[in-house]
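Chemist: Handing over input.cif, mmCIF, C-alpha atoms.
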```cif
data_my_file
loop_
_atom_site.label_atom_id
_atom_site.label_comp_id
_atom_site.auth_asym_id
_atom_site.auth_seq_id
_atom_site.Cartn_x
_atom_site.Cartn_y
_atom_site.Cartn_z
CA MET P 13 -9.35 -16.87 30.97
CA THR P 14 -6.40 -18.93 32.22
CA ALA P 15 -6.57 -22.69 32.78
CA SER P 16 -6.48 -22.11 36.56
CA GLU P 17 -9.46 -19.77 36.37
CA GLN P 18 -11.39 -22.21 34.17
CA TYR P 19 -10.84 -25.14 36.52
CA THR P 20 -11.71 -23.07 39.60
CA ALA P 21 -14.91 -21.83 37.94
CA ALA P 22 -15.71 -25.43 36.92
CA ALA P 23 -15.32 -26.67 40.51
CA TYR P 24 -17.70 -24.01 41.86
CA LEU P 25 -20.12 -24.54 38.97
CA VAL P 26 -20.27 -28.29 39.69
CA VAL P 27 -21.54 -27.57 43.21
CA PHE P 28 -24.10 -24.97 42.11
CA VAL P 29 -25.35 -27.11 39.22
CA ALA P 30 -25.72 -30.09 41.60
CA VAL P 31 -27.78 -28.01 44.03
CA LEU P 32 -29.88 -26.70 41.12
CA ALA P 33 -30.41 -30.24 39.82
CA TYR P 34 -31.51 -31.31 43.29
CA VAL P 35 -34.05 -28.46 43.42
CA VAL P 36 -35.38 -29.50 39.97
CA ILE P 37 -35.72 -33.13 41.12
CA ILE P 38 -37.53 -32.05 44.31
CA ALA P 39 -39.81 -29.74 42.26
CA SER P 40 -40.76 -32.58 39.89
CA LYS P 41 -41.40 -34.83 42.88
CA LEU P 42 -43.62 -32.15 44.41
CA GLN P 43 -45.63 -31.97 41.17
CA ARG P 44 -46.08 -35.75 41.28
CA LEU P 45 -47.25 -35.56 44.90
CA GLN P 46 -49.70 -32.78 43.98
CA ARG P 47 -51.13 -35.00 41.20
CA ASP P 48 -51.40 -37.89 43.69
CA VAL P 49 -53.23 -35.69 46.19
CA ALA P 50 -55.66 -34.49 43.47
CA ARG P 51 -56.29 -38.11 42.43
CA LEU P 52 -56.89 -39.15 46.04
CA VAL P 53 -59.27 -36.24 46.59
CA GLU P 54 -61.26 -37.39 43.53
CA LEU P 55 -61.24 -40.95 44.84
CA ALA P 56 -62.39 -39.83 48.30
CA LYS P 57 -65.21 -37.77 46.75
CA GLU P 58 -66.33 -40.80 44.72
CA LYS P 59 -66.26 -43.00 47.84
CA LEU P 60 -68.20 -40.46 49.87
CA GLY P 61 -70.68 -40.07 47.00
CA ASP P 62 -71.16 -43.85 46.88
CA GLY P 63 -71.66 -44.02 50.67
CA MET G 26 -34.74 -31.62 61.65
CA GLY G 27 -37.40 -31.79 64.31
CA GLY G 28 -38.97 -35.17 64.86
CA VAL G 29 -42.64 -36.03 64.66
CA ARG G 30 -44.71 -38.09 67.04
CA VAL G 31 -45.46 -41.65 66.09
CA ARG G 32 -48.33 -43.89 67.04
CA ARG G 33 -47.75 -47.38 68.34
CA GLY G 34 -47.10 -49.55 65.28
CA GLY G 35 -45.21 -46.82 63.40
CA SER G 36 -48.22 -45.06 61.84
CA LEU G 37 -48.04 -41.27 61.86
CA THR G 38 -50.99 -38.99 62.58
CA PRO G 39 -52.09 -36.40 59.95
CA GLN G 40 -51.12 -33.65 62.39
CA ASP G 41 -47.63 -35.12 62.62
CA TYR G 42 -47.24 -35.09 58.84
CA ASP G 43 -48.55 -31.56 58.68
CA ALA G 44 -46.06 -30.48 61.32
CA ALA G 45 -43.21 -32.21 59.50
CA VAL G 46 -44.02 -30.86 56.03
CA ARG G 47 -45.03 -27.33 57.01
CA SER G 48 -42.35 -26.75 59.60
CA PRO G 49 -41.73 -22.98 59.90
CA SER G 50 -38.03 -23.65 60.48
CA LEU G 51 -37.52 -24.95 56.93
CA PRO G 52 -37.92 -21.61 55.05
CA ALA G 53 -35.70 -19.93 57.64
CA LEU G 54 -33.11 -22.66 57.17
CA ALA G 55 -33.29 -22.27 53.37
CA VAL G 56 -32.77 -18.50 53.65
CA LEU G 57 -29.84 -19.02 56.05
CA THR G 58 -28.27 -21.57 53.67
CA THR G 59 -28.61 -19.26 50.65
CA GLY G 60 -27.11 -16.39 52.62
CA LEU G 61 -24.20 -18.46 53.92
CA LEU G 62 -23.47 -19.94 50.47
CA GLY G 63 -23.48 -16.46 48.93
CA LEU G 64 -21.31 -15.06 51.72
CA GLY G 65 -18.92 -18.01 51.53
CA THR G 66 -18.48 -17.64 47.76
CA ALA G 67 -17.97 -13.88 48.09
CA LEU G 68 -15.38 -14.35 50.85
CA ALA G 69 -13.58 -17.06 48.86
CA PHE G 70 -13.23 -14.85 45.79
CA PHE G 71 -13.00 -11.30 47.17
CA TYR G 72 -11.73 -11.55 50.76
CA ALA G 73 -9.43 -14.56 51.15
CA PRO G 74 -5.91 -13.83 49.89
CA THR G 75 -4.64 -15.62 46.79
CA ASP G 76 -2.33 -18.50 47.68
CA SER G 77 1.26 -17.73 46.67
CA ASP G 78 1.96 -21.34 45.68
CA GLN G 79 -1.22 -22.55 43.95
CA GLY G 80 -2.75 -19.24 42.90
CA LEU G 81 -6.46 -19.01 42.13
CA SER G 82 -7.09 -22.77 42.10
CA GLN G 83 -6.44 -22.90 45.88
CA ARG G 84 -9.90 -21.28 46.24
CA ILE G 85 -11.42 -24.68 45.39
CA PHE G 86 -10.33 -25.60 48.93
CA TYR G 87 -13.14 -23.44 50.40
CA PHE G 88 -15.80 -25.69 48.87
CA HIS G 89 -13.94 -28.98 48.50
CA VAL G 90 -12.92 -29.50 52.16
CA PRO G 91 -16.29 -28.37 53.64
CA LEU G 92 -18.02 -30.75 51.20
CA ALA G 93 -15.85 -33.63 52.42
CA LEU G 94 -16.37 -32.75 56.10
CA THR G 95 -20.13 -32.40 55.54
CA SER G 96 -20.26 -35.84 53.93
CA TYR G 97 -18.62 -37.21 57.10
CA VAL G 98 -21.29 -35.38 59.14
CA CYS G 99 -24.03 -36.93 56.96
CA PHE G 100 -22.66 -40.46 57.34
CA GLY G 101 -22.15 -39.89 61.07
CA TRP G 102 -25.72 -38.62 61.40
CA GLY G 103 -26.92 -41.65 59.43
CA ALA G 104 -25.00 -43.94 61.79
CA TRP G 105 -26.51 -42.18 64.82
CA LYS G 106 -29.99 -42.71 63.37
CA ALA G 107 -29.10 -46.34 62.66
CA LEU G 108 -28.07 -46.80 66.28
CA ARG G 109 -31.30 -45.14 67.39
CA TYR G 110 -33.27 -47.48 65.16
CA LEU G 111 -31.54 -50.55 66.59
CA ARG G 112 -32.27 -49.38 70.13
CA THR G 113 -35.87 -48.22 69.69
CA ARG G 114 -37.08 -49.94 66.45
CA ASP G 115 -38.62 -46.60 65.56
CA GLU G 116 -39.49 -46.42 61.83
CA ARG G 117 -38.72 -42.71 61.76
CA ALA G 118 -35.07 -43.37 62.63
CA ASP G 119 -34.79 -45.81 59.70
CA LEU G 120 -36.12 -43.22 57.24
CA GLU G 121 -33.97 -40.45 58.74
CA GLY G 122 -30.88 -42.66 58.53
CA TYR G 123 -31.61 -43.45 54.89
CA VAL G 124 -32.02 -39.75 54.02
CA ALA G 125 -28.78 -38.86 55.85
CA VAL G 126 -26.83 -41.53 53.94
CA HIS G 127 -28.40 -40.31 50.67
CA GLN G 128 -27.25 -36.76 51.42
CA GLY G 129 -23.81 -38.09 52.38
CA VAL G 130 -23.46 -39.79 49.02
CA ILE G 131 -24.43 -36.55 47.21
CA PHE G 132 -21.88 -34.55 49.21
CA GLY G 133 -19.32 -37.33 48.72
CA ALA G 134 -19.82 -37.27 44.94
CA LEU G 135 -19.33 -33.50 44.94
CA THR G 136 -16.17 -33.91 47.04
CA LEU G 137 -14.75 -36.36 44.51
CA LEU G 138 -15.70 -34.13 41.56
CA THR G 139 -14.28 -30.90 43.00
CA GLY G 140 -11.20 -32.77 44.27
CA SER G 141 -10.64 -34.25 40.85
CA ILE G 142 -10.81 -30.82 39.20
CA TRP G 143 -8.40 -29.44 41.80
CA ALA G 144 -6.04 -32.39 41.29
CA LYS G 145 -5.99 -31.79 37.54
CA ILE G 146 -4.90 -28.17 37.88
CA SER G 147 -2.52 -28.76 40.83
CA TRP G 148 -1.00 -32.19 40.09
CA GLY G 149 -1.77 -32.54 36.37
CA VAL G 150 -3.87 -35.69 36.85
CA TRP G 151 -7.59 -36.23 37.50
CA TRP G 152 -6.92 -38.99 40.03
CA SER G 153 -3.98 -40.58 41.83
CA TRP G 154 -4.28 -44.18 43.05
CA ASN G 155 -1.13 -43.70 45.18
CA GLU G 156 -2.88 -41.28 47.51
CA ASP G 157 -4.30 -43.04 50.56
CA GLN G 158 -6.60 -40.11 51.33
CA LEU G 159 -8.24 -40.23 47.89
CA VAL G 160 -8.55 -44.00 47.75
CA LEU G 161 -9.97 -44.27 51.28
CA PHE G 162 -12.51 -41.56 50.56
CA LEU G 163 -13.49 -43.41 47.38
CA VAL G 164 -13.85 -46.64 49.40
CA LEU G 165 -16.06 -44.81 51.92
CA PHE G 166 -18.15 -43.34 49.09
CA LEU G 167 -18.57 -46.70 47.31
CA PHE G 168 -19.38 -48.41 50.61
CA TYR G 169 -22.29 -46.03 51.12
CA CYS G 170 -23.33 -46.33 47.44
CA ALA G 171 -23.70 -50.05 48.08
CA TYR G 172 -26.05 -49.17 50.96
CA PHE G 173 -28.70 -48.33 48.35
CA MET G 174 -28.15 -51.65 46.54
CA LEU G 175 -28.80 -53.40 49.86
CA ARG G 176 -31.81 -51.25 50.71
CA TYR G 177 -33.54 -51.69 47.37
CA SER G 178 -32.80 -55.41 47.08
CA VAL G 179 -34.79 -56.25 50.25
CA GLU G 180 -38.54 -55.94 50.76
CA PRO G 181 -39.50 -52.97 52.99
CA GLY G 182 -40.00 -53.91 56.62
CA PRO G 183 -38.18 -54.49 59.90
CA ALA G 184 -35.67 -56.93 58.33
CA ARG G 185 -34.57 -54.34 55.76
CA ALA G 186 -34.39 -51.61 58.39
CA ASN G 187 -32.22 -53.86 60.61
CA MET G 188 -29.82 -54.72 57.79
CA CYS G 189 -29.52 -51.10 56.67
CA ALA G 190 -28.92 -49.89 60.22
CA VAL G 191 -26.15 -52.43 60.82
CA TYR G 192 -24.58 -51.59 57.42
CA ALA G 193 -24.64 -47.84 58.13
CA LEU G 194 -23.03 -48.44 61.52
CA PHE G 195 -20.21 -50.49 59.96
CA GLY G 196 -19.56 -47.72 57.45
CA VAL G 197 -19.02 -45.10 60.10
CA VAL G 198 -15.79 -46.88 61.12
CA LEU G 199 -14.32 -45.81 57.78
CA ILE G 200 -14.78 -42.12 58.60
CA PRO G 201 -11.90 -41.75 61.11
CA VAL G 202 -9.75 -44.00 58.92
CA SER G 203 -10.42 -41.77 55.92
CA PHE G 204 -9.88 -38.62 57.97
CA LEU G 205 -6.62 -39.83 59.52
CA ALA G 206 -5.25 -41.44 56.34
CA ILE G 207 -3.51 -38.28 55.25
CA ARG G 208 -1.75 -38.06 58.63
CA LEU G 209 -0.77 -41.72 58.72
CA SER G 210 0.51 -41.83 55.16
CA LYS G 211 4.25 -41.33 54.64
CA ARG G 212 4.06 -40.63 50.91
CA PHE G 213 1.59 -37.97 49.95
CA ILE G 214 1.11 -34.92 47.78
CA HIS G 215 -2.34 -34.22 49.21
CA PRO G 216 -1.88 -31.09 51.38
CA VAL G 217 -2.33 -31.21 55.19
CA VAL G 218 -3.94 -28.00 56.38
CA PHE G 219 -5.11 -28.94 59.86
CA THR G 220 -2.19 -30.17 61.96
CA SER G 221 -1.60 -30.56 65.69
CA HIS G 222 -0.36 -26.94 65.61
CA GLY G 223 -3.73 -25.68 64.35
CA PRO G 224 -4.89 -24.61 60.89
CA GLN G 225 -2.00 -23.79 58.55
CA MET G 226 -3.59 -20.73 56.96
CA THR G 227 -4.09 -17.01 57.53
CA HIS G 228 -6.95 -15.65 59.65
CA ALA G 229 -8.79 -14.47 56.51
CA GLN G 230 -8.48 -17.92 54.94
CA PHE G 231 -9.63 -19.63 58.13
CA LEU G 232 -12.64 -17.31 58.48
CA THR G 233 -13.62 -18.00 54.86
CA PHE G 234 -13.23 -21.72 55.45
CA CYS G 235 -15.43 -21.57 58.59
CA VAL G 236 -18.19 -19.67 56.73
CA CYS G 237 -18.05 -22.16 53.84
CA LEU G 238 -18.19 -25.08 56.29
CA ALA G 239 -21.22 -23.54 58.03
CA ALA G 240 -22.81 -23.02 54.59
CA MET G 241 -22.33 -26.68 53.63
CA ILE G 242 -23.68 -27.94 56.94
CA ALA G 243 -26.68 -25.61 56.56
CA LEU G 244 -27.14 -26.91 53.00
CA PHE G 245 -27.15 -30.47 54.35
CA ALA G 246 -29.69 -29.54 57.03
CA THR G 247 -31.95 -27.91 54.43
CA LEU G 248 -31.76 -30.70 51.86
CA TYR G 249 -32.18 -33.29 54.61
CA SER G 250 -35.33 -31.57 55.90
CA VAL G 251 -36.80 -31.16 52.40
CA GLU G 252 -36.11 -34.76 51.40
CA LEU G 253 -37.41 -36.10 54.71
CA ALA G 254 -40.62 -34.05 54.40
CA GLY G 255 -41.09 -35.38 50.84
CA LYS G 256 -40.55 -38.99 51.95
CA ARG G 257 -42.99 -38.62 54.84
CA LEU G 258 -45.58 -37.05 52.55
CA ASP G 259 -45.05 -39.83 50.03
CA ARG G 260 -45.54 -42.44 52.75
CA SER G 261 -48.71 -40.79 54.07
CA LEU G 262 -50.16 -40.64 50.55
CA ARG G 263 -49.40 -44.33 50.07
CA GLU G 264 -51.23 -45.13 53.32
CA LEU G 265 -54.16 -42.96 52.22
CA ARG G 266 -54.27 -44.68 48.81
CA GLU G 267 -54.40 -48.07 50.53
CA LEU G 268 -57.21 -46.89 52.80
CA LEU G 269 -59.25 -45.57 49.88
CA ALA G 270 -58.63 -48.56 47.61
#
```
Spit out the file's structure as structure tokens when you get a sec.
Modeler:
Amino acid sequence: MTASEQYTAAAYLVVFVAVLAYVVIIASKLQRLQRDVARLVELAKEKLGDG
Amino acid sequence: MGGVRVRRGGSLTPQDYDAAVRSPSLPALAVLTTGLLGLGTALAFFYAPTDSDQGLSQRIFYFHVPLALTSYVCFGWGAWKALRYLRTRDERADLEGYVAVHQGVIFGALTLLTGSIWAKISWGVWWSWNEDQLVLFLVLFLFYCAYFMLRYSVEPGPARANMCAVYALFGVVLIPVSFLAIRLSKRFIHPVVFTSHGPQMTHAQFLTFCVCLAAMIALFATLYSVELAGKRLDRSLRELRELLA
């Protein structure tokens, strides 16, 4: 692989890795939101049970 | 990027959140983005002719320039939302403006990274401080990076939204300056592709560029929608937590 090919591949890889990283961040955030929802459901059940 | 209805006082209804998060247009947009990115990459490597001067490295152009133009679109969209916030005081516009600026900074960082790699292979240096185009883009990028410092140093509320909106509007002035810098500069090695005589490239190269630009704008639209849906969901959960506490 020539230097030109390596740099060109690196430039394209940077973009794809960034998009992939973004998807990973969003996925981890989604997991956190799912945990929050589960916790709130438990809390709501407790409140309704108390009432 | 469809909006959701808002109650008086800025509180969103559960139906509004549901509509925003489970919008049927988002999966379609994601599929379109993936298709365009794949097509753009394929065209860049297998359809567009190899540049006689720069060789293979010229293919970085097909991602680098659309990334830069998309970052301008993001900042412009953020400024539009800022203006809308200042006119209507609608909380949604503040959040949408913030997400647009965030996306602009991501696209801006990718522009600088891909540009730096291209500069290394073409000019032999990672960065050139003598290039007005590069320095002005860096100034624009750092200006919008500072937006987050401002946003997170002020308590959430109307005062923060006002400050952020005004800041985002000031930043948009830098976009035409950055865009025109290459044309105003007398000493440059940064290539000028789009001149008053039209694009200085073959039809195949221009078609590839247009597909890549559409792919980047679609990528922005997708990431913007996903991030906005996440932020709205986060906000609704916070409200729910407060109600249940």
Chemist: So that I can see what lies close to stretch 44-56 of chain P, please list as a PyMOL selection string the residues with an atom at most 9 Å from it, counting all atoms listed in the file and leaving out residues fewer than 2 positions away in the same chain.
Modeler: (chain P and resi 39-42+58-61) or (chain G and resi 255+258-259+262+265-266+269-270)
Chemist: Which residues of chain P come within 6 Å of chain G, and for each one, what is the closest pair of atoms and their distance in Å to one decimal, counting all atoms listed in the file, sorted by chain and residue number, as JSON lines?
Modeler:
```
{"residue": "P:Ser16", "atom": "CA", "partner": "G:Ser82", "partner_atom": "CA", "distance": 5.6}
{"residue": "P:Thr20", "atom": "CA", "partner": "G:Ser82", "partner_atom": "CA", "distance": 5.3}
{"residue": "P:Ala23", "atom": "CA", "partner": "G:Thr139", "partner_atom": "CA", "distance": 5.0}
```
Chemist: Skip stretch 185-194 of chain G itself and residues of its chain fewer than 4 positions away, then list as an MDAnalysis selection string all residues within 9 Å of it, counting only C-alpha atoms.
Modeler: chainID G and resid 100:101 103:111 114 116 119:120 122:123 126 169 172:173 175:181 198
Chemist: Report, in Å to a single decimal, how far apart atom CA of G:Trp102 and atom CA of G:Arg117 are.
Modeler: 13.6 Å
Chemist: Tell me, in Å to one decimal, how far atom CA of G:Asp157 is from atom CA of G:Ala93.
Modeler: 15.0 Å
Chemist: Got a sec: who's within 12 Å of G:Phe71, counting all atoms listed in the file, leaving out chain neighbours fewer than 3 positions off, as number ranges by chain?
Modeler: G: 63-68, 74-75, 81, 84, 229-230, 233
Chemist: Atoms to include: C-alpha atoms. Write the selected residues as a PDB file, in the coordinates of the input.
Modeler:
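In the end it all went to part21.pdb:
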```pdb
ATOM      1  CA  GLY G  63     -23.480 -16.460  48.930  1.00  0.00           C
ATOM      2  CA  LEU G  64     -21.310 -15.060  51.720  1.00  0.00           C
ATOM      3  CA  GLY G  65     -18.920 -18.010  51.530  1.00  0.00           C
ATOM      4  CA  THR G  66     -18.480 -17.640  47.760  1.00  0.00           C
ATOM      5  CA  ALA G  67     -17.970 -13.880  48.090  1.00  0.00           C
ATOM      6  CA  LEU G  68     -15.380 -14.350  50.850  1.00  0.00           C
ATOM      7  CA  PRO G  74      -5.910 -13.830  49.890  1.00  0.00           C
ATOM      8  CA  THR G  75      -4.640 -15.620  46.790  1.00  0.00           C
ATOM      9  CA  LEU G  81      -6.460 -19.010  42.130  1.00  0.00           C
ATOM     10  CA  ARG G  84      -9.900 -21.280  46.240  1.00  0.00           C
ATOM     11  CA  ALA G 229      -8.790 -14.470  56.510  1.00  0.00           C
ATOM     12  CA  GLN G 230      -8.480 -17.920  54.940  1.00  0.00           C
ATOM     13  CA  THR G 233     -13.620 -18.000  54.860  1.00  0.00           C
TER      14      THR G 233
END
```
Chemist: Counting only C-alpha atoms, what is within 10 Å of G:Leu232, bar same-chain residues fewer than 6 positions away, as a list of chain:residue names?
Modeler: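 Once the adjacent positions are removed, what remains is G:Gly65, G:Leu68, G:Ala69, G:Tyr72, G:Ala73, G:Met226, G:Leu238.
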Chemist: Between atom CA of G:Ser96 and atom CA of G:Asp78, what is the distance, to one decimal in Å?
Modeler: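 Atom CA of G:Asp78 lies 27.8 Å from atom CA of G:Ser96.
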Chemist: Restricting the calculation to all atoms listed in the file, which member of G:Phe70, G:Leu51, G:Asn155, G:Val197 is positioned closest to P:Ala21?
Modeler: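 Smallest separation from P:Ala21 among the options: G:Phe70.
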Chemist: Can you pull out the residues contacting G:Gly129? Cut-off 8 Å, using only C-alpha atoms, and skip same-chain residues under 4 positions away; I want them as a list in words.
Modeler: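 Within the cut-off, the hits are Thr95, Ser96, Tyr97, Val98, Cys99, Phe100, Ala125 and Gly133 of chain G.
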Chemist: Quick one: chain P from the block, C-alpha atoms, as a short mmCIF file (atom, residue, chain, number, x, y, z; two decimals), in the first residue's frame.
Modeler:
```
data_model
loop_
_atom_site.label_atom_id
_atom_site.label_comp_id
_atom_site.auth_asym_id
_atom_site.auth_seq_id
_atom_site.Cartn_x
_atom_site.Cartn_y
_atom_site.Cartn_z
CA MET P 13 0.00 0.00 0.00
CA THR P 14 1.41 3.40 -0.99
CA ALA P 15 1.44 6.40 1.34
CA SER P 16 -1.30 8.05 -0.75
CA GLU P 17 -3.53 4.99 -0.39
CA GLN P 18 -2.89 4.82 3.36
CA TYR P 19 -3.78 8.47 3.92
CA THR P 20 -6.90 8.24 1.74
CA ALA P 21 -8.05 5.12 3.60
CA ALA P 22 -7.33 6.89 6.91
CA ALA P 23 -9.47 9.90 5.92
CA TYR P 24 -12.45 7.68 5.02
CA LEU P 25 -11.93 5.53 8.12
CA VAL P 26 -11.99 8.62 10.37
CA VAL P 27 -15.49 9.46 9.12
CA PHE P 28 -16.82 5.90 9.45
CA VAL P 29 -15.27 5.42 12.90
CA ALA P 30 -16.79 8.73 14.04
CA VAL P 31 -20.25 7.66 12.86
CA LEU P 32 -19.77 4.27 14.55
CA ALA P 33 -18.67 5.97 17.78
CA TYR P 34 -21.76 8.17 17.64
CA VAL P 35 -23.99 5.09 17.25
CA VAL P 36 -22.25 3.46 20.27
CA ILE P 37 -22.78 6.62 22.36
CA ILE P 38 -26.46 6.79 21.36
CA ALA P 39 -26.87 3.05 22.12
CA SER P 40 -25.39 3.48 25.61
CA LYS P 41 -27.64 6.48 26.18
CA LEU P 42 -30.64 4.41 25.09
CA GLN P 43 -29.70 1.73 27.62
CA ARG P 44 -29.52 4.38 30.35
CA LEU P 45 -32.95 5.70 29.35
CA GLN P 46 -34.36 2.16 29.41
CA ARG P 47 -33.00 1.71 32.96
CA ASP P 48 -34.54 5.07 33.95
CA VAL P 49 -37.91 4.03 32.52
CA ALA P 50 -37.78 0.70 34.40
CA ARG P 51 -36.92 2.54 37.63
CA LEU P 52 -39.77 5.01 37.10
CA VAL P 53 -42.21 2.18 36.38
CA GLU P 54 -41.19 0.57 39.70
CA LEU P 55 -41.59 3.90 41.47
CA ALA P 56 -45.03 4.46 39.91
CA LYS P 57 -46.13 0.95 40.95
CA GLU P 58 -44.97 1.64 44.53
CA LYS P 59 -46.85 4.96 44.56
CA LEU P 60 -50.00 3.39 43.18
CA GLY P 61 -49.68 0.54 45.70
CA ASP P 62 -49.35 3.06 48.54
CA GLY P 63 -52.40 5.02 47.29
#
```
